[in-house]
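Q: Below is a structure I'd like to ask you about.
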Amino acid sequence: MSQHPLATNDLEVPALDRLVFLLPGWLNSDPDHWQSEWQRRHGDTRVEQNDWEWPRRGDWMARLDEVLQQEARLNERPALLVAHSLGCQLVAAWADHSAHTRRVAGALLVAPPDTEREDTPPQLHNWRPIRRPRLPFPSIVVASSDDPFCRPERAAGMAADWGAEFVLAGALGHLNAASGLGAWPEGRAMLRRLAD
């Protein structure tokens, strides 16, 4: 486990030479979210889902599979996945099921929610149980020490099961727009490590 300060914006990160797919969580990432900033600033591709309000795990998995299969460049140069919140659970479920995991070179998994908690909203009950097999590509899980949707020890457990490096951020909530991360260059630097 490592610890990083994650809320400054003065870090310049070289451009990536891989396709990057953004996987937002429940209700999508709003315009002030760092994922939206990465889409604007770096040209990353957001994977759009048909239903952001009542997300069905199987539907989201099928959509990710479809997007990755449609991109011919991934035959030669696998992509990077950047997931936030429920998008992390999407990556775990998809990787456990798909025959196309070779199209992914690595995944940055930010603020995975604990969908097995008793207070999980009914819209997310079909995301139980959490899929925990080891991921077939390198990954980094970033968690906040005060995420309202997942205790740090639960996030660390998911990271261990997935075979991911675990980075514990400071008290930054759900690592979303409200966390004040801006363009979040530290996250981009972690993605750069996965690309390398």
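Going by the structure tokens order, chains are called A, B, ..., each with residues numbered from 1, while ligands are numbered from 1 in the order shown.
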Determine, using only C-alpha atoms, which residues of segment 76-130 of chain A have any atom at most 10 Å from an atom of segment 13-27 of chain A, and tabulate each with its shortest atom pair and distance in Å to one decimal place, rows ordered by chain and then rising number, as JSON lines.

A:
```
{"residue": "A:Arg77", "atom": "CA", "partner": "A:Arg18", "partner_atom": "CA", "distance": 6.7}
{"residue": "A:Pro78", "atom": "CA", "partner": "A:Arg18", "partner_atom": "CA", "distance": 7.1}
{"residue": "A:Ala79", "atom": "CA", "partner": "A:Leu19", "partner_atom": "CA", "distance": 4.9}
{"residue": "A:Leu80", "atom": "CA", "partner": "A:Val20", "partner_atom": "CA", "distance": 4.8}
{"residue": "A:Leu81", "atom": "CA", "partner": "A:Phe21", "partner_atom": "CA", "distance": 5.0}
{"residue": "A:Val82", "atom": "CA", "partner": "A:Leu22", "partner_atom": "CA", "distance": 4.9}
{"residue": "A:Ala83", "atom": "CA", "partner": "A:Leu23", "partner_atom": "CA", "distance": 4.5}
{"residue": "A:His84", "atom": "CA", "partner": "A:Pro24", "partner_atom": "CA", "distance": 5.2}
{"residue": "A:Ser85", "atom": "CA", "partner": "A:Gly25", "partner_atom": "CA", "distance": 4.9}
{"residue": "A:Leu86", "atom": "CA", "partner": "A:Gly25", "partner_atom": "CA", "distance": 4.2}
{"residue": "A:Gly87", "atom": "CA", "partner": "A:Gly25", "partner_atom": "CA", "distance": 4.7}
{"residue": "A:Cys88", "atom": "CA", "partner": "A:Gly25", "partner_atom": "CA", "distance": 7.8}
{"residue": "A:Gln89", "atom": "CA", "partner": "A:Gly25", "partner_atom": "CA", "distance": 8.9}
{"residue": "A:Leu90", "atom": "CA", "partner": "A:Leu23", "partner_atom": "CA", "distance": 8.2}
{"residue": "A:Val91", "atom": "CA", "partner": "A:Leu23", "partner_atom": "CA", "distance": 8.5}
{"residue": "A:Val104", "atom": "CA", "partner": "A:Leu19", "partner_atom": "CA", "distance": 9.6}
{"residue": "A:Ala105", "atom": "CA", "partner": "A:Arg18", "partner_atom": "CA", "distance": 9.0}
{"residue": "A:Gly106", "atom": "CA", "partner": "A:Val20", "partner_atom": "CA", "distance": 9.9}
{"residue": "A:Ala107", "atom": "CA", "partner": "A:Phe21", "partner_atom": "CA", "distance": 9.5}
{"residue": "A:Leu108", "atom": "CA", "partner": "A:Leu22", "partner_atom": "CA", "distance": 9.7}
{"residue": "A:Leu109", "atom": "CA", "partner": "A:Leu23", "partner_atom": "CA", "distance": 9.4}
{"residue": "A:Val110", "atom": "CA", "partner": "A:Pro24", "partner_atom": "CA", "distance": 9.9}
{"residue": "A:Ala111", "atom": "CA", "partner": "A:Gly25", "partner_atom": "CA", "distance": 9.7}
{"residue": "A:Pro112", "atom": "CA", "partner": "A:Gly25", "partner_atom": "CA", "distance": 9.2}
{"residue": "A:Pro113", "atom": "CA", "partner": "A:Gly25", "partner_atom": "CA", "distance": 9.3}
{"residue": "A:Gln123", "atom": "CA", "partner": "A:Trp26", "partner_atom": "CA", "distance": 9.1}
{"residue": "A:Leu124", "atom": "CA", "partner": "A:Trp26", "partner_atom": "CA", "distance": 8.4}
```

Q: Residues within 8 Å of Arg57 of chain A, please, as a list in words. Count only C-alpha atoms; anything in the same chain fewer than 6 positions from it doesn't count.

A: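 Selected residues are Leu90, Ala93, Asn126 and Trp127 of chain A.
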
Q: Enumerate, as a PyMOL selection string, the complete set of residues in segment 2-194 of chain A that a backbone-based DSSP assignment places in strand (DSSP E or B).

A: chain A and resi 2-3+20-23+45-46+79-84+104-110+139-143+165-168

Q: Put those residues in a file: C-alpha atoms, as a CSV table (one decimal), in the first residue's frame.

A:
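Saved to again-v1.csv:
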```csv
chain,number,residue,atom,x,y,z
A,2,SER,CA,1.2,3.5,-0.7
A,3,GLN,CA,0.0,6.9,0.3
A,20,VAL,CA,-8.0,5.4,-22.7
A,21,PHE,CA,-11.6,4.4,-21.9
A,22,LEU,CA,-13.4,6.2,-19.1
A,23,LEU,CA,-15.9,4.1,-17.1
A,45,THR,CA,-13.3,8.1,-24.6
A,46,ARG,CA,-16.2,7.8,-22.2
A,79,ALA,CA,-6.3,0.1,-24.1
A,80,LEU,CA,-6.3,1.5,-20.6
A,81,LEU,CA,-9.5,1.5,-18.5
A,82,VAL,CA,-10.1,4.3,-16.0
A,83,ALA,CA,-13.0,3.5,-13.8
A,84,HIS,CA,-14.7,5.5,-11.0
A,104,VAL,CA,-6.9,-4.2,-22.0
A,105,ALA,CA,-3.3,-3.3,-20.8
A,106,GLY,CA,-4.2,-2.0,-17.4
A,107,ALA,CA,-6.9,-0.4,-15.2
A,108,LEU,CA,-7.0,2.5,-12.8
A,109,LEU,CA,-9.8,1.8,-10.4
A,110,VAL,CA,-10.8,4.8,-8.3
A,139,SER,CA,-4.3,-2.4,-12.0
A,140,ILE,CA,-4.2,0.2,-9.3
A,141,VAL,CA,-7.0,0.8,-6.8
A,142,VAL,CA,-7.2,4.3,-5.3
A,143,ALA,CA,-9.4,4.8,-2.2
A,165,GLU,CA,-1.7,-2.1,-6.1
A,166,PHE,CA,-3.5,-0.2,-3.4
A,167,VAL,CA,-3.2,3.6,-3.0
A,168,LEU,CA,-4.8,5.2,0.1
```

Q: In segment 43-159 of chain A, what's helix (DSSP H, G or I) per DSSP? Answer as an MDAnalysis selection string?

A: chainID A and resid 57:70 72:75 86:97 101:103 122:127 152:159

Q: Within 12 Å of Ala178 of chain A, counting only C-alpha atoms, which residues show up once you throw out same-chain ones fewer than 2 positions away? Write them as a list in words, please.

A: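 In the requested form, the answer reads Ala7, Ser29, Asp30, Pro31, Asp32, His33, Trp34, Asp147, Ala171, Leu172, Gly173, His174, Leu175, Asn176, Gly180, Leu181 and Gly182 of chain A.
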
Q: Take the residues from that selection and write them out as a CSV table (one decimal), in the first residue's frame, keeping all heavy atoms.

A:
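The resulting part-v2.csv:
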```
chain,number,residue,atom,x,y,z
A,7,ALA,N,-4.4,16.1,-4.5
A,7,ALA,CA,-5.3,17.2,-4.8
A,7,ALA,C,-4.6,18.4,-5.4
A,7,ALA,O,-5.1,19.5,-5.3
A,7,ALA,CB,-6.1,17.6,-3.6
A,29,SER,N,-20.5,10.6,-14.7
A,29,SER,CA,-19.7,11.6,-14.1
A,29,SER,C,-20.1,13.0,-14.6
A,29,SER,O,-20.1,13.2,-15.8
A,29,SER,CB,-18.2,11.4,-14.5
A,29,SER,OG,-17.7,10.2,-13.8
A,30,ASP,N,-20.3,14.0,-13.7
A,30,ASP,CA,-20.8,15.3,-14.1
A,30,ASP,C,-19.7,16.1,-14.7
A,30,ASP,O,-18.5,15.7,-14.7
A,30,ASP,CB,-21.4,16.0,-12.9
A,30,ASP,CG,-20.4,16.2,-11.8
A,30,ASP,OD1,-19.3,16.6,-12.0
A,30,ASP,OD2,-20.8,16.0,-10.6
A,31,PRO,N,-20.0,17.3,-15.3
A,31,PRO,CA,-19.0,18.1,-16.0
A,31,PRO,C,-17.8,18.5,-15.2
A,31,PRO,O,-16.7,18.8,-15.7
A,31,PRO,CB,-19.8,19.3,-16.5
A,31,PRO,CG,-21.2,18.8,-16.6
A,31,PRO,CD,-21.3,17.9,-15.5
A,32,ASP,N,-17.9,18.6,-13.8
A,32,ASP,CA,-16.8,19.0,-13.0
A,32,ASP,C,-16.0,17.8,-12.5
A,32,ASP,O,-15.0,18.0,-11.7
A,32,ASP,CB,-17.3,19.8,-11.8
A,32,ASP,CG,-18.0,21.1,-12.2
A,32,ASP,OD1,-17.5,21.7,-13.2
A,32,ASP,OD2,-18.9,21.6,-11.6
A,33,HIS,N,-16.3,16.6,-12.8
A,33,HIS,CA,-15.6,15.4,-12.4
A,33,HIS,C,-14.3,15.4,-13.1
A,33,HIS,O,-14.2,15.8,-14.3
A,33,HIS,CB,-16.5,14.2,-12.7
A,33,HIS,CG,-16.1,13.0,-12.1
A,33,HIS,ND1,-15.0,12.2,-12.4
A,33,HIS,CD2,-16.7,12.3,-11.1
A,33,HIS,CE1,-14.9,11.2,-11.6
A,33,HIS,NE2,-15.9,11.1,-10.8
A,34,TRP,N,-13.3,14.8,-12.5
A,34,TRP,CA,-12.0,14.7,-13.1
A,34,TRP,C,-12.1,13.8,-14.4
A,34,TRP,O,-11.3,14.0,-15.3
A,34,TRP,CB,-10.9,14.1,-12.2
A,34,TRP,CG,-11.2,12.8,-11.5
A,34,TRP,CD1,-11.8,12.6,-10.3
A,34,TRP,CD2,-11.0,11.5,-12.0
A,34,TRP,NE1,-12.0,11.3,-10.0
A,34,TRP,CE2,-11.5,10.6,-11.1
A,34,TRP,CE3,-10.4,11.0,-13.2
A,34,TRP,CZ2,-11.4,9.2,-11.3
A,34,TRP,CZ3,-10.3,9.7,-13.4
A,34,TRP,CH2,-10.8,8.8,-12.4
A,147,ASP,N,-14.2,7.8,2.3
A,147,ASP,CA,-15.2,7.6,1.3
A,147,ASP,C,-16.6,7.1,2.0
A,147,ASP,O,-16.6,6.1,2.7
A,147,ASP,CB,-14.8,6.5,0.3
A,147,ASP,CG,-15.7,6.4,-0.9
A,147,ASP,OD1,-16.9,6.6,-0.8
A,147,ASP,OD2,-15.1,6.1,-2.0
A,171,ALA,N,-8.2,12.3,3.1
A,171,ALA,CA,-9.7,12.4,3.4
A,171,ALA,C,-10.3,13.2,2.3
A,171,ALA,O,-10.5,14.4,2.4
A,171,ALA,CB,-9.9,13.0,4.7
A,172,LEU,N,-10.6,12.5,1.2
A,172,LEU,CA,-11.1,13.2,0.0
A,172,LEU,C,-12.5,12.7,-0.5
A,172,LEU,O,-12.8,12.8,-1.7
A,172,LEU,CB,-10.1,13.0,-1.2
A,172,LEU,CG,-8.8,13.8,-1.0
A,172,LEU,CD1,-7.7,13.3,-2.0
A,172,LEU,CD2,-9.0,15.3,-1.1
A,173,GLY,N,-13.2,12.1,0.4
A,173,GLY,CA,-14.6,11.7,0.1
A,173,GLY,C,-14.6,10.6,-1.0
A,173,GLY,O,-13.8,9.7,-0.9
A,174,HIS,N,-15.5,10.8,-1.9
A,174,HIS,CA,-15.7,9.7,-3.0
A,174,HIS,C,-14.8,10.0,-4.2
A,174,HIS,O,-15.0,9.4,-5.2
A,174,HIS,CB,-17.1,9.7,-3.4
A,174,HIS,CG,-17.5,8.4,-4.1
A,174,HIS,ND1,-17.1,7.2,-3.7
A,174,HIS,CD2,-18.3,8.3,-5.2
A,174,HIS,CE1,-17.6,6.3,-4.6
A,174,HIS,NE2,-18.3,6.9,-5.5
A,175,LEU,N,-13.8,10.8,-4.1
A,175,LEU,CA,-12.8,11.1,-5.2
A,175,LEU,C,-13.6,11.5,-6.4
A,175,LEU,O,-13.3,11.0,-7.5
A,175,LEU,CB,-11.9,9.9,-5.4
A,175,LEU,CG,-10.9,9.6,-4.3
A,175,LEU,CD1,-10.3,8.2,-4.4
A,175,LEU,CD2,-9.8,10.6,-4.2
A,176,ASN,N,-14.5,12.4,-6.3
A,176,ASN,CA,-15.3,12.9,-7.4
A,176,ASN,C,-15.2,14.4,-7.5
A,176,ASN,O,-14.3,15.0,-7.0
A,176,ASN,CB,-16.8,12.4,-7.2
A,176,ASN,CG,-17.3,12.8,-5.8
A,176,ASN,OD1,-16.8,13.6,-5.1
A,176,ASN,ND2,-18.5,12.2,-5.4
A,180,GLY,N,-12.7,18.1,-5.2
A,180,GLY,CA,-11.8,19.2,-5.6
A,180,GLY,C,-10.5,18.8,-6.3
A,180,GLY,O,-9.5,19.5,-6.1
A,181,LEU,N,-10.5,17.7,-7.0
A,181,LEU,CA,-9.3,17.2,-7.6
A,181,LEU,C,-8.9,17.9,-8.9
A,181,LEU,O,-7.8,17.8,-9.4
A,181,LEU,CB,-9.5,15.7,-7.9
A,181,LEU,CG,-9.7,14.8,-6.7
A,181,LEU,CD1,-10.0,13.4,-7.1
A,181,LEU,CD2,-8.5,14.8,-5.8
A,182,GLY,N,-9.8,18.7,-9.5
A,182,GLY,CA,-9.5,19.3,-10.8
A,182,GLY,C,-9.2,18.3,-11.9
A,182,GLY,O,-9.9,17.4,-12.1
```

Q: Have a look at A:Asp146, A:Glu66, A:Asp44, A:Glu76 and name the one nearest to Ser179 of chain A; count only C-alpha atoms.

A: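 Answer, going by the shortest atom-to-atom distance: A:Asp146.
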